$ cat input.txt   # compact mmCIF, C-alpha atoms
# COMPACT_ATOMS: atom_id res chain seq x y z
CA LYS U 1 -16.79 0.27 -46.24
CA GLU U 2 -18.65 -0.05 -43.00
CA THR U 3 -18.34 2.90 -40.69
CA PRO U 4 -17.16 1.77 -37.21
CA LYS U 5 -19.72 2.39 -34.52
CA GLU U 6 -18.77 5.12 -32.14
CA ASN U 7 -18.28 4.20 -28.51
CA THR U 8 -21.30 5.79 -26.93
CA LYS U 9 -20.81 4.32 -23.48
CA PRO U 10 -20.81 6.81 -20.60
CA VAL U 11 -17.28 7.35 -19.24
CA GLU U 12 -16.24 6.71 -15.65
CA LYS U 13 -13.00 8.56 -14.83
CA ILE U 14 -10.65 7.50 -12.04
CA GLY U 15 -7.95 9.88 -10.85
CA VAL U 16 -4.77 8.35 -9.42
CA ASN U 17 -1.92 10.00 -7.51
CA LEU U 18 1.41 8.18 -7.89
CA PRO U 19 5.09 9.15 -7.40
CA MET U 20 6.24 9.19 -11.01
CA THR U 21 9.34 11.32 -10.34
CA GLY U 22 11.60 11.72 -7.31
CA ASP U 23 13.03 9.13 -4.92
CA MET U 24 10.04 6.77 -5.15
CA ALA U 25 9.50 7.00 -8.92
CA PHE U 26 10.49 3.34 -9.37
CA ALA U 27 7.50 2.35 -7.22
CA GLY U 28 5.14 4.64 -9.11
CA GLU U 29 6.14 3.00 -12.38
CA VAL U 30 5.28 -0.46 -11.06
CA GLN U 31 1.93 0.59 -9.55
CA LYS U 32 0.96 2.41 -12.76
CA ALA U 33 1.64 -0.79 -14.69
CA ALA U 34 -0.61 -2.73 -12.31
CA LEU U 35 -3.49 -0.30 -12.81
CA GLU U 36 -3.06 -0.38 -16.59
CA LEU U 37 -3.08 -4.19 -16.49
CA ALA U 38 -6.34 -4.14 -14.51
CA LEU U 39 -7.84 -1.66 -16.97
CA HIS U 40 -6.77 -3.92 -19.85
CA ASP U 41 -8.72 -6.78 -18.25
CA VAL U 42 -11.77 -4.54 -17.86
CA GLU U 43 -11.60 -3.49 -21.50
CA GLN U 44 -11.90 -7.14 -22.56
CA GLN U 45 -15.33 -7.31 -20.92
CA ASP U 46 -18.70 -6.11 -22.18
CA THR U 47 -19.11 -3.35 -19.59
CA LYS U 48 -21.87 -0.74 -19.26
CA TYR U 49 -19.32 2.04 -19.05
CA LYS U 50 -15.98 3.01 -20.51
CA TYR U 51 -13.26 3.45 -17.86
CA GLU U 52 -10.46 5.98 -18.04
CA LEU U 53 -7.43 6.35 -15.77
CA ILE U 54 -6.04 9.83 -15.17
CA ILE U 55 -2.65 9.41 -13.47
CA GLU U 56 -0.86 12.40 -12.01
CA ASP U 57 2.61 12.65 -10.46
CA ASN U 58 2.57 13.68 -6.80
CA VAL U 59 6.36 13.31 -6.33
CA PHE U 60 5.43 11.58 -3.03
CA GLN U 61 4.53 14.96 -1.51
CA PRO U 62 1.18 15.63 0.23
CA LYS U 63 0.98 19.22 -1.08
CA LYS U 64 1.21 17.98 -4.66
CA THR U 65 -1.34 15.27 -3.88
CA ILE U 66 -3.87 17.89 -2.75
CA SER U 67 -3.22 20.02 -5.82
CA ASN U 68 -3.83 17.01 -8.06
CA LEU U 69 -7.04 16.16 -6.21
CA PHE U 70 -8.54 19.55 -6.93
CA LYS U 71 -7.56 19.12 -10.59
CA PHE U 72 -9.24 15.72 -10.66
CA LYS U 73 -12.49 17.21 -9.41
CA SER U 74 -12.66 20.61 -11.10
CA ILE U 75 -11.01 19.90 -14.47
CA ASP U 76 -11.05 16.14 -15.07
CA LYS U 77 -14.46 15.56 -13.44
CA VAL U 78 -13.45 12.17 -12.07
CA ASN U 79 -15.88 9.72 -10.48
CA ALA U 80 -13.36 8.17 -8.07
CA VAL U 81 -9.78 8.62 -6.86
CA MET U 82 -7.00 6.24 -5.83
CA SER U 83 -3.96 6.77 -3.60
CA LEU U 84 -0.80 4.98 -2.51
CA TRP U 85 0.64 4.77 1.05
CA GLY U 86 -0.26 6.51 4.26
CA SER U 87 0.85 10.13 3.83
CA ASP U 88 -0.89 10.41 0.46
CA GLY U 89 -3.79 8.24 1.63
CA THR U 90 -4.45 10.33 4.73
CA VAL U 91 -4.81 13.65 2.92
CA THR U 92 -6.84 11.95 0.18
CA SER U 93 -9.10 10.35 2.78
CA ASP U 94 -9.90 13.72 4.38
CA TRP U 95 -10.49 15.30 0.97
CA ALA U 96 -12.71 12.44 -0.23
CA GLU U 97 -15.01 12.69 2.79
CA LYS U 98 -15.44 16.44 2.35
CA ASN U 99 -16.06 16.11 -1.39
CA LYS U 100 -18.13 12.90 -1.20
CA MET U 101 -15.76 11.18 -3.62
CA LEU U 102 -15.15 7.42 -3.76
CA HIS U 103 -11.55 6.77 -2.70
CA MET U 104 -9.53 3.53 -2.89
CA SER U 105 -6.07 3.34 -1.28
CA CYS U 106 -3.33 0.91 -0.38
CA SER U 107 -1.85 2.22 2.86
CA GLU U 108 -0.34 0.78 6.03
CA SER U 109 -2.95 2.68 8.00
CA ASP U 110 -6.35 2.20 9.63
CA VAL U 111 -7.04 5.95 9.48
CA VAL U 112 -7.08 6.05 5.67
CA GLY U 113 -10.06 3.70 5.45
CA LYS U 114 -12.21 5.66 7.90
CA GLY U 115 -15.23 7.48 6.60
CA TYR U 116 -18.04 6.36 4.31
CA TYR U 117 -16.29 7.25 1.04
CA ASN U 118 -12.92 5.63 1.81
CA PHE U 119 -11.63 2.12 1.15
CA ASN U 120 -8.18 0.85 2.14
CA HIS U 121 -7.00 -2.31 0.41
CA ALA U 122 -4.22 -3.55 2.72
CA PRO U 123 -3.98 -5.77 5.78
CA LYS U 124 -5.23 -4.05 8.93
CA LEU U 125 -2.58 -2.82 11.33
CA GLU U 126 -3.95 -5.19 13.96
CA THR U 127 -3.32 -8.08 11.57
CA TYR U 128 0.27 -6.93 11.07
CA ARG U 129 0.87 -6.39 14.81
CA TYR U 130 -0.26 -9.84 15.92
CA ARG U 131 1.57 -11.58 13.08
CA MET U 132 4.76 -9.68 13.87
CA MET U 133 4.56 -10.36 17.59
CA LYS U 134 4.07 -14.08 16.85
CA TYR U 135 7.19 -13.95 14.67
CA PHE U 136 9.23 -12.40 17.50
CA LYS U 137 7.99 -15.07 19.93
CA ASP U 138 8.58 -17.96 17.53
CA HIS U 139 12.16 -16.83 16.91
CA ASN U 140 12.84 -15.99 20.55
CA TYR U 141 13.57 -12.31 19.79
CA LYS U 142 13.15 -10.61 23.17
CA LYS U 143 15.14 -7.38 22.80
CA ILE U 144 13.76 -5.20 20.02
CA ALA U 145 15.18 -2.00 18.47
CA PHE U 146 13.23 0.45 16.30
CA LEU U 147 14.54 2.87 13.68
CA TYR U 148 11.73 4.41 11.68
CA GLU U 149 10.71 7.33 9.51
CA ASN U 150 8.75 10.10 11.18
CA ALA U 151 5.72 9.57 8.91
CA LEU U 152 2.02 9.40 9.77
CA GLU U 153 1.44 5.76 8.86
CA VAL U 154 4.59 4.51 10.59
CA VAL U 155 3.89 6.38 13.81
CA GLU U 156 0.26 5.19 13.72
CA TYR U 157 1.47 1.59 13.62
CA LEU U 158 4.16 1.88 16.30
CA ASP U 159 2.13 3.98 18.74
CA GLU U 160 0.20 0.81 19.56
CA PHE U 161 2.73 -1.85 18.61
CA ILE U 162 5.56 -0.78 20.93
CA PRO U 163 3.33 -0.66 24.08
CA MET U 164 1.79 -3.96 22.96
CA LEU U 165 5.25 -5.56 22.87
CA ARG U 166 6.15 -4.18 26.31
CA ASN U 167 2.90 -5.53 27.75
CA ASN U 168 3.80 -8.96 26.39
CA GLY U 169 7.23 -9.12 28.00
CA PHE U 170 9.46 -7.76 25.22
CA ASP U 171 12.27 -5.32 25.99
CA ILE U 172 12.44 -2.23 23.74
CA VAL U 173 16.16 -1.45 23.89
CA TYR U 174 16.27 1.35 21.30
CA GLU U 175 13.75 3.61 19.59
CA GLU U 176 14.39 6.49 17.17
CA ALA U 177 12.37 8.37 14.56
CA VAL U 178 14.26 10.05 11.71
CA ASN U 179 12.95 12.67 9.31
CA ARG U 180 12.26 11.87 5.66
CA GLY U 181 15.25 12.40 3.39
CA VAL U 182 18.00 11.81 5.97
CA THR U 183 21.00 10.14 4.33
CA ASP U 184 23.41 9.78 7.24
CA VAL U 185 22.26 7.30 9.89
CA ARG U 186 25.69 6.13 11.03
CA THR U 187 25.24 7.57 14.52
CA SER U 188 21.92 5.75 14.83
CA ILE U 189 23.49 2.50 13.68
CA TYR U 190 26.27 2.91 16.25
CA LYS U 191 23.71 3.42 19.05
CA ILE U 192 21.72 0.40 17.88
CA LYS U 193 24.85 -1.76 18.02
CA GLN U 194 25.51 -0.53 21.56
CA ALA U 195 21.97 -1.48 22.59
CA LYS U 196 22.58 -5.09 21.43
CA PRO U 197 19.05 -5.96 20.25
CA ASP U 198 18.01 -9.40 19.06
CA ILE U 199 16.33 -7.81 16.03
CA LEU U 200 15.92 -4.36 14.47
CA TYR U 201 12.66 -3.08 13.03
CA ALA U 202 13.94 -0.64 10.36
CA HIS U 203 11.17 1.21 8.54
CA VAL U 204 12.47 4.02 6.31
CA LEU U 205 11.94 4.98 2.66
CA ALA U 206 14.25 6.23 -0.09
CA PRO U 207 16.75 7.85 0.06
CA THR U 208 17.20 6.92 3.75
CA LEU U 209 16.61 3.26 2.91
CA GLN U 210 19.55 3.05 0.52
CA ALA U 211 21.80 5.01 2.90
CA PHE U 212 20.85 2.70 5.76
CA ALA U 213 21.68 -0.38 3.65
CA LYS U 214 25.12 0.90 2.71
CA GLN U 215 26.03 2.25 6.15
CA SER U 216 24.82 -0.91 7.92
CA ILE U 217 27.28 -2.97 5.88
CA GLU U 218 30.09 -0.47 6.50
CA SER U 219 29.35 -0.50 10.25
CA GLU U 220 29.02 -4.30 10.36
CA LEU U 221 25.62 -4.08 12.01
CA ASN U 222 24.98 -7.84 11.70
CA ILE U 223 21.56 -7.80 13.39
CA PRO U 224 18.44 -9.46 11.91
CA LEU U 225 16.24 -6.91 10.14
CA VAL U 226 12.47 -6.78 9.73
CA ASN U 227 9.71 -4.35 8.71
CA MET U 228 6.39 -4.08 6.88
CA ASN U 229 6.81 -4.28 3.09
CA ILE U 230 9.73 -1.85 2.79
CA PHE U 231 12.59 -4.31 2.14
CA GLY U 232 10.51 -5.59 -0.78
CA PHE U 233 11.18 -2.32 -2.62
CA ASN U 234 14.94 -2.95 -2.83
CA PRO U 235 15.51 -6.65 -2.10
CA GLU U 236 18.98 -6.57 -3.66
CA LEU U 237 20.14 -4.33 -0.79
CA PHE U 238 18.90 -6.44 2.12
CA GLU U 239 20.08 -10.01 1.75
CA GLY U 240 18.73 -12.15 4.60
CA ALA U 241 16.28 -9.51 5.88
CA SER U 242 12.60 -10.33 6.36
CA TYR U 243 9.43 -8.34 5.87
CA PHE U 244 5.70 -8.76 6.38
CA THR U 245 3.32 -8.37 3.47
CA ALA U 246 -0.13 -9.37 2.20
CA SER U 247 -0.51 -13.00 1.20
CA ILE U 248 -1.32 -13.74 -2.43
CA GLY U 249 -1.69 -17.46 -1.72
CA LYS U 250 -1.43 -19.56 -4.86
CA SER U 251 -2.35 -16.66 -7.13
CA SER U 252 -0.68 -16.56 -10.55
CA PHE U 253 -0.65 -12.76 -10.48
CA PRO U 254 3.11 -12.24 -9.83
CA ALA U 255 4.10 -14.43 -12.80
CA ARG U 256 1.50 -12.81 -15.04
CA PHE U 257 2.54 -9.32 -13.97
CA LYS U 258 6.20 -10.06 -14.71
CA GLU U 259 5.42 -11.61 -18.09
CA GLU U 260 3.10 -8.84 -19.31
CA THR U 261 4.87 -5.77 -17.90
CA GLY U 262 8.51 -6.85 -17.60
CA LEU U 263 8.47 -5.53 -14.02
CA ASN U 264 8.70 -7.18 -10.62
CA MET U 265 5.71 -6.85 -8.33
CA LEU U 266 6.10 -4.57 -5.29
CA PRO U 267 4.06 -4.29 -2.08
CA CYS U 268 0.63 -2.76 -2.93
CA THR U 269 0.88 -3.79 -6.60
CA VAL U 270 -1.70 -6.56 -6.31
CA ASN U 271 -3.83 -4.43 -3.95
CA LEU U 272 -4.16 -1.56 -6.43
CA PHE U 273 -4.83 -4.06 -9.24
CA ASP U 274 -7.62 -5.51 -7.10
CA GLY U 275 -8.80 -2.08 -5.95
CA LEU U 276 -9.40 -0.76 -9.45
CA LYS U 277 -11.37 -3.89 -10.35
CA MET U 278 -13.46 -3.44 -7.20
CA ILE U 279 -14.34 0.11 -8.24
CA VAL U 280 -15.32 -1.11 -11.71
CA ASP U 281 -17.38 -3.93 -10.24
CA GLY U 282 -19.22 -1.42 -8.04
CA PHE U 283 -20.05 0.89 -10.95
CA GLU U 284 -21.16 -2.00 -13.15
CA LYS U 285 -23.55 -3.44 -10.55
CA ALA U 286 -24.94 -0.23 -9.05
CA PRO U 287 -28.36 0.92 -10.29
CA VAL U 288 -28.89 4.10 -12.26
CA LYS U 289 -31.71 6.16 -10.79
CA GLY U 290 -34.28 8.23 -12.65
CA ASP U 291 -32.96 9.98 -15.74
CA GLY U 292 -29.32 9.58 -14.62
CA ILE U 293 -26.58 8.36 -16.92
CA LEU U 294 -24.18 7.10 -14.22
CA PRO U 295 -24.88 5.48 -10.85
CA GLU U 296 -24.63 7.61 -7.73
CA THR U 297 -21.43 7.25 -5.70
CA GLU U 298 -23.30 6.08 -2.60
CA ASP U 299 -24.92 3.20 -4.50
CA VAL U 300 -21.53 2.15 -5.87
CA ILE U 301 -20.12 2.14 -2.33
CA GLU U 302 -22.96 -0.04 -1.05
CA ILE U 303 -22.23 -2.59 -3.77
CA MET U 304 -18.52 -2.59 -2.89
CA LEU U 305 -19.11 -2.93 0.85
CA ASN U 306 -21.47 -5.88 0.43
CA ASN U 307 -19.76 -7.80 -2.35
CA LYS U 308 -18.80 -11.10 -0.70
CA ASN U 309 -17.91 -12.87 -3.95
CA PHE U 310 -15.31 -10.55 -5.45
CA GLU U 311 -12.64 -12.56 -7.30
CA THR U 312 -9.52 -11.23 -5.61
CA ALA U 313 -5.96 -11.76 -6.80
CA LEU U 314 -4.92 -12.26 -3.16
CA SER U 315 -5.37 -15.42 -1.13
CA SER U 316 -8.52 -14.01 0.49
CA ILE U 317 -9.96 -10.67 1.62
CA ASN U 318 -12.49 -9.45 4.15
CA ILE U 319 -14.23 -6.07 3.80
CA ASP U 320 -15.53 -4.52 7.02
CA GLU U 321 -18.28 -1.91 7.35
CA GLU U 322 -15.64 0.86 7.37
CA GLY U 323 -14.21 -0.11 3.97
CA ASN U 324 -11.00 -1.71 5.26
CA ILE U 325 -10.12 -4.60 2.96
CA ASP U 326 -8.18 -6.89 5.27
CA SER U 327 -6.10 -9.88 4.15
CA SER U 328 -3.74 -12.36 5.78
CA VAL U 329 -0.06 -11.51 6.32
CA ILE U 330 2.95 -13.65 5.45
CA VAL U 331 6.69 -13.35 6.09
CA LYS U 332 9.04 -13.00 3.14
CA THR U 333 12.83 -13.32 3.38
CA ILE U 334 15.31 -12.04 0.81
CA VAL U 335 17.43 -14.84 -0.62
CA ASN U 336 19.92 -14.18 -3.43
CA GLY U 337 18.30 -10.81 -4.06
CA GLU U 338 14.80 -12.27 -4.44
CA SER U 339 11.85 -12.15 -2.03
CA VAL U 340 10.68 -15.66 -1.15
CA VAL U 341 7.90 -16.79 1.16
CA ALA U 342 9.46 -17.88 4.47
CA GLU U 343 6.38 -18.30 6.65
CA GLU U 344 2.68 -18.44 5.84
$ encode --input "input.txt" --output "structure tokens"
Amino acid sequence: KETPKENTKPVEKIGVNLPMTGDMAFAGEVQKAALELALHDVEQQDTKYKYELIIEDNVFQPKKTISNLFKFKSIDKVNAVMSLWGSDGTVTSDWAEKNKMLHMSCSESDVVGKGYYNFNHAPKLETYRYRMMKYFKDHNYKKIAFLYENALEVVEYLDEFIPMLRNNGFDIVYEEAVNRGVTDVRTSIYKIKQAKPDILYAHVLAPTLQAFAKQSIESELNIPLVNMNIFGFNPELFEGASYFTASIGKSSFPARFKEETGLNMLPCTVNLFDGLKMIVDGFEKAPVKGDGILPETEDVIEIMLNNKNFETALSSINIDEEGNIDSSVIVKTIVNGESVVAEE
């Protein structure tokens, strides 16, 4: 019998922090499936290197994220790291710059992408702000209320968006930040009803999200709801609500993802799928210097920053010099428990 040839390719390791337990575990499961699907595609190619994902549970807690990052570097010896959402992305971004580690994130934040070693694969906040303001104007929503989680990425977005709305003639009739984990927002809902807004921007995560859904129905809130991405996590709870998310255009990715994983795509799913393939593309095209076995991180980054022909699963992307991977934003509305495109 022939002896199978051993895989002698050098290994590129990628460490990923995801919430695999806790309130956001359902999201971690979906994003993990997206990364594994991307890796499956890579393994069908004749690549220079073998790629390995090392996924750790951060329970959606920054302290656990940092602990995992040190493990990635000191024990796993990874060549790149990936993160999900702003709180995780922010601490990872700071760590990556200090440790000169390639970092790819999907976060509703412009801070996460700052620094030479950081990439953020999500629409820029400016893109979201202008698209959302256009939506308010088109629908004649003049009185706006805000209920949001006191989290870095949410505050970063609203610190500029709320003044921007005021400067453009909108009336902010209610504004409140709640701490993560709050499960009783009935007083807030009562105050919002008293303020009589035309629309409510409600941006909270589990378990507050589920509590808000239930208590809104009990309190007969009956006000149009909108946010960035969040209602897409639990569409069955927010019939008629709308949210803003990255456009995938005519991509077949959602159907393929559902067929091959049995899961429904969530916000950031396609971005992380894309992001991993971008990292691989960078490693494959970067030169190896001298007697090295693997390319240097800086050369990989230069390839990624200047790749204008990357085959994205989104409608289109634009990478700036800072590593922000911007894309267009669409409006989705929840109809019969499903997210459907309402406005391009």
$ closest_atom_pairs --input "input.txt" --of "segment 95-114 of chain U" --to "segment 11-17 of chain U" --cutoff "12 Å" --atoms "all atoms listed in the file" --output "JSON lines"
{"residue": "U:Ala96", "atom": "CA", "partner": "U:Gly15", "partner_atom": "CA", "distance": 11.9}
{"residue": "U:Met101", "atom": "CA", "partner": "U:Ile14", "partner_atom": "CA", "distance": 10.5}
{"residue": "U:Leu102", "atom": "CA", "partner": "U:Ile14", "partner_atom": "CA", "distance": 9.4}
{"residue": "U:His103", "atom": "CA", "partner": "U:Ile14", "partner_atom": "CA", "distance": 9.4}
{"residue": "U:Met104", "atom": "CA", "partner": "U:Val16", "partner_atom": "CA", "distance": 9.4}
{"residue": "U:Ser105", "atom": "CA", "partner": "U:Val16", "partner_atom": "CA", "distance": 9.6}
{"residue": "U:Cys106", "atom": "CA", "partner": "U:Asn17", "partner_atom": "CA", "distance": 11.6}
$ closest_residue --input "input.txt" --among "U:Leu35, U:Ile301, U:Ala342, U:Leu266" --to "Tyr135 of chain U" --atoms "only C-alpha atoms"
U:Ala342
$ residues_around --input "input.txt" --residues "segment 88-95 of chain U" --least-positions-apart "4" --cutoff "6 Å" --atoms "all atoms listed in the file" --output "list in words"
Pro62, Ser83 and Val112 of chain U
$ residues_around --input "input.txt" --residues "segment 19-32 of chain U" --least-positions-apart "6" --cutoff "10 Å" --atoms "only C-alpha atoms" --output "PyMOL selection string"
chain U and resi 38+53+55-61+65+84+88+181+205-208+233+257+261-273
$ residues_around --input "input.txt" --residues "segment 170-180 of chain U" --least-positions-apart "2" --cutoff "10 Å" --atoms "only C-alpha atoms" --output "PyMOL selection string"
chain U and resi 133+136-137+141-151+154-155+162-168+182-183+185+188+191-198+200-208
$ atom_distance --input "input.txt" --atom1 "atom CA of Arg186 of chain U" --atom2 "atom CA of Lys214 of chain U"
9.8 Å
$ closest_residue --input "input.txt" --among "U:Glu160, U:Glu260, U:Glu298, U:Asp138" --to "Glu126 of chain U" --atoms "only C-alpha atoms"
U:Glu160
$ atom_distance --input "input.txt" --atom1 "atom CA of Pro295 of chain U" --atom2 "atom CA of Glu52 of chain U"
16.1 Å
$ residues_around --input "input.txt" --residues "Met278 of chain U" --least-positions-apart "6" --cutoff "9 Å" --atoms "only C-alpha atoms" --output "PyMOL selection string"
chain U and resi 304+310+312
$ residues_around --input "input.txt" --residues "Glu43 of chain U" --least-positions-apart "6" --cutoff "12 Å" --atoms "all atoms listed in the file" --output "count of residues only"
8
$ atom_distance --input "input.txt" --atom1 "atom CA of Leu152 of chain U" --atom2 "atom CA of Glu344 of chain U"
28.1 Å
$ closest_residue --input "input.txt" --among "U:Met132, U:Leu209, U:Ile293, U:Leu305" --to "Pro10 of chain U" --atoms "all atoms listed in the file"
U:Ile293
$ closest_residue --input "input.txt" --among "U:Ala241, U:Leu39, U:Ala34, U:Val226" --to "Ile279 of chain U" --atoms "only C-alpha atoms"
U:Leu39
$ closest_residue --input "input.txt" --among "U:Asn309, U:Ser316, U:Thr8, U:Asn227" --to "Glu108 of chain U" --atoms "all atoms listed in the file"
U:Asn227
$ closest_residue --input "input.txt" --among "U:Ala286, U:Asn307, U:Lys9, U:Ser315" --to "Ser251 of chain U" --atoms "only C-alpha atoms"
U:Ser315
$ build_atoms --input "input.txt" --residues "segment 223-232 of chain U" --atoms "all heavy atoms" --output "PDB file, keeping the file's coordinate frame"
ATOM      1  N   ILE U 223      22.736  -7.545  12.554  1.00  0.00           N
ATOM      2  CA  ILE U 223      21.560  -7.800  13.390  1.00  0.00           C
ATOM      3  C   ILE U 223      20.412  -8.138  12.457  1.00  0.00           C
ATOM      4  O   ILE U 223      20.253  -7.503  11.411  1.00  0.00           O
ATOM      5  CB  ILE U 223      21.204  -6.558  14.242  1.00  0.00           C
ATOM      6  CG1 ILE U 223      22.309  -6.279  15.261  1.00  0.00           C
ATOM      7  CG2 ILE U 223      19.870  -6.741  14.966  1.00  0.00           C
ATOM      8  CD1 ILE U 223      22.132  -4.956  15.982  1.00  0.00           C
ATOM      9  N   PRO U 224      19.596  -9.145  12.773  1.00  0.00           N
ATOM     10  CA  PRO U 224      18.440  -9.460  11.910  1.00  0.00           C
ATOM     11  C   PRO U 224      17.553  -8.232  11.719  1.00  0.00           C
ATOM     12  O   PRO U 224      17.334  -7.463  12.653  1.00  0.00           O
ATOM     13  CB  PRO U 224      17.709 -10.555  12.708  1.00  0.00           C
ATOM     14  CG  PRO U 224      18.769 -11.188  13.545  1.00  0.00           C
ATOM     15  CD  PRO U 224      19.715 -10.083  13.912  1.00  0.00           C
ATOM     16  N   LEU U 225      17.057  -8.065  10.488  1.00  0.00           N
ATOM     17  CA  LEU U 225      16.240  -6.910  10.140  1.00  0.00           C
ATOM     18  C   LEU U 225      14.838  -7.339   9.748  1.00  0.00           C
ATOM     19  O   LEU U 225      14.650  -8.389   9.121  1.00  0.00           O
ATOM     20  CB  LEU U 225      16.869  -6.145   8.965  1.00  0.00           C
ATOM     21  CG  LEU U 225      18.288  -5.608   9.138  1.00  0.00           C
ATOM     22  CD1 LEU U 225      18.779  -5.003   7.823  1.00  0.00           C
ATOM     23  CD2 LEU U 225      18.342  -4.572  10.248  1.00  0.00           C
ATOM     24  N   VAL U 226      13.860  -6.478  10.078  1.00  0.00           N
ATOM     25  CA  VAL U 226      12.470  -6.780   9.730  1.00  0.00           C
ATOM     26  C   VAL U 226      11.717  -5.465   9.578  1.00  0.00           C
ATOM     27  O   VAL U 226      12.092  -4.442  10.162  1.00  0.00           O
ATOM     28  CB  VAL U 226      11.827  -7.674  10.813  1.00  0.00           C
ATOM     29  CG1 VAL U 226      11.587  -6.897  12.104  1.00  0.00           C
ATOM     30  CG2 VAL U 226      10.537  -8.304  10.318  1.00  0.00           C
ATOM     31  N   ASN U 227      10.644  -5.482   8.778  1.00  0.00           N
ATOM     32  CA  ASN U 227       9.710  -4.350   8.710  1.00  0.00           C
ATOM     33  C   ASN U 227       8.462  -4.783   7.948  1.00  0.00           C
ATOM     34  O   ASN U 227       8.314  -5.951   7.579  1.00  0.00           O
ATOM     35  CB  ASN U 227      10.346  -3.107   8.081  1.00  0.00           C
ATOM     36  CG  ASN U 227      10.764  -3.292   6.633  1.00  0.00           C
ATOM     37  OD1 ASN U 227      10.195  -4.110   5.901  1.00  0.00           O
ATOM     38  ND2 ASN U 227      11.756  -2.542   6.201  1.00  0.00           N
ATOM     39  N   MET U 228       7.557  -3.839   7.712  1.00  0.00           N
ATOM     40  CA  MET U 228       6.390  -4.080   6.880  1.00  0.00           C
ATOM     41  C   MET U 228       6.697  -3.638   5.457  1.00  0.00           C
ATOM     42  O   MET U 228       6.924  -2.453   5.213  1.00  0.00           O
ATOM     43  CB  MET U 228       5.186  -3.259   7.369  1.00  0.00           C
ATOM     44  CG  MET U 228       4.445  -3.835   8.545  1.00  0.00           C
ATOM     45  SD  MET U 228       2.863  -2.973   8.770  1.00  0.00           S
ATOM     46  CE  MET U 228       3.416  -1.317   9.149  1.00  0.00           C
ATOM     47  N   ASN U 229       6.762  -4.569   4.535  1.00  0.00           N
ATOM     48  CA  ASN U 229       6.810  -4.280   3.090  1.00  0.00           C
ATOM     49  C   ASN U 229       8.074  -3.622   2.556  1.00  0.00           C
ATOM     50  O   ASN U 229       8.458  -3.864   1.414  1.00  0.00           O
ATOM     51  CB  ASN U 229       5.608  -3.392   2.688  1.00  0.00           C
ATOM     52  CG  ASN U 229       4.294  -4.141   2.747  1.00  0.00           C
ATOM     53  OD1 ASN U 229       4.183  -5.243   2.247  1.00  0.00           O
ATOM     54  ND2 ASN U 229       3.298  -3.544   3.377  1.00  0.00           N
ATOM     55  N   ILE U 230       8.734  -2.768   3.339  1.00  0.00           N
ATOM     56  CA  ILE U 230       9.730  -1.850   2.790  1.00  0.00           C
ATOM     57  C   ILE U 230      10.919  -2.560   2.139  1.00  0.00           C
ATOM     58  O   ILE U 230      11.405  -2.128   1.085  1.00  0.00           O
ATOM     59  CB  ILE U 230      10.230  -0.870   3.868  1.00  0.00           C
ATOM     60  CG1 ILE U 230       9.046  -0.120   4.479  1.00  0.00           C
ATOM     61  CG2 ILE U 230      11.233   0.111   3.287  1.00  0.00           C
ATOM     62  CD1 ILE U 230       8.216   0.659   3.487  1.00  0.00           C
ATOM     63  N   PHE U 231      11.441  -3.622   2.743  1.00  0.00           N
ATOM     64  CA  PHE U 231      12.590  -4.310   2.140  1.00  0.00           C
ATOM     65  C   PHE U 231      12.231  -4.900   0.778  1.00  0.00           C
ATOM     66  O   PHE U 231      13.114  -5.186  -0.032  1.00  0.00           O
ATOM     67  CB  PHE U 231      13.116  -5.400   3.070  1.00  0.00           C
ATOM     68  CG  PHE U 231      13.718  -4.874   4.346  1.00  0.00           C
ATOM     69  CD1 PHE U 231      13.552  -5.554   5.549  1.00  0.00           C
ATOM     70  CD2 PHE U 231      14.443  -3.692   4.359  1.00  0.00           C
ATOM     71  CE1 PHE U 231      14.105  -5.068   6.725  1.00  0.00           C
ATOM     72  CE2 PHE U 231      14.989  -3.197   5.531  1.00  0.00           C
ATOM     73  CZ  PHE U 231      14.821  -3.894   6.721  1.00  0.00           C
ATOM     74  N   GLY U 232      10.937  -5.078   0.525  1.00  0.00           N
ATOM     75  CA  GLY U 232      10.510  -5.590  -0.780  1.00  0.00           C
ATOM     76  C   GLY U 232      10.719  -4.607  -1.906  1.00  0.00           C
ATOM     77  O   GLY U 232      10.709  -4.992  -3.076  1.00  0.00           O
TER      78      GLY U 232
END
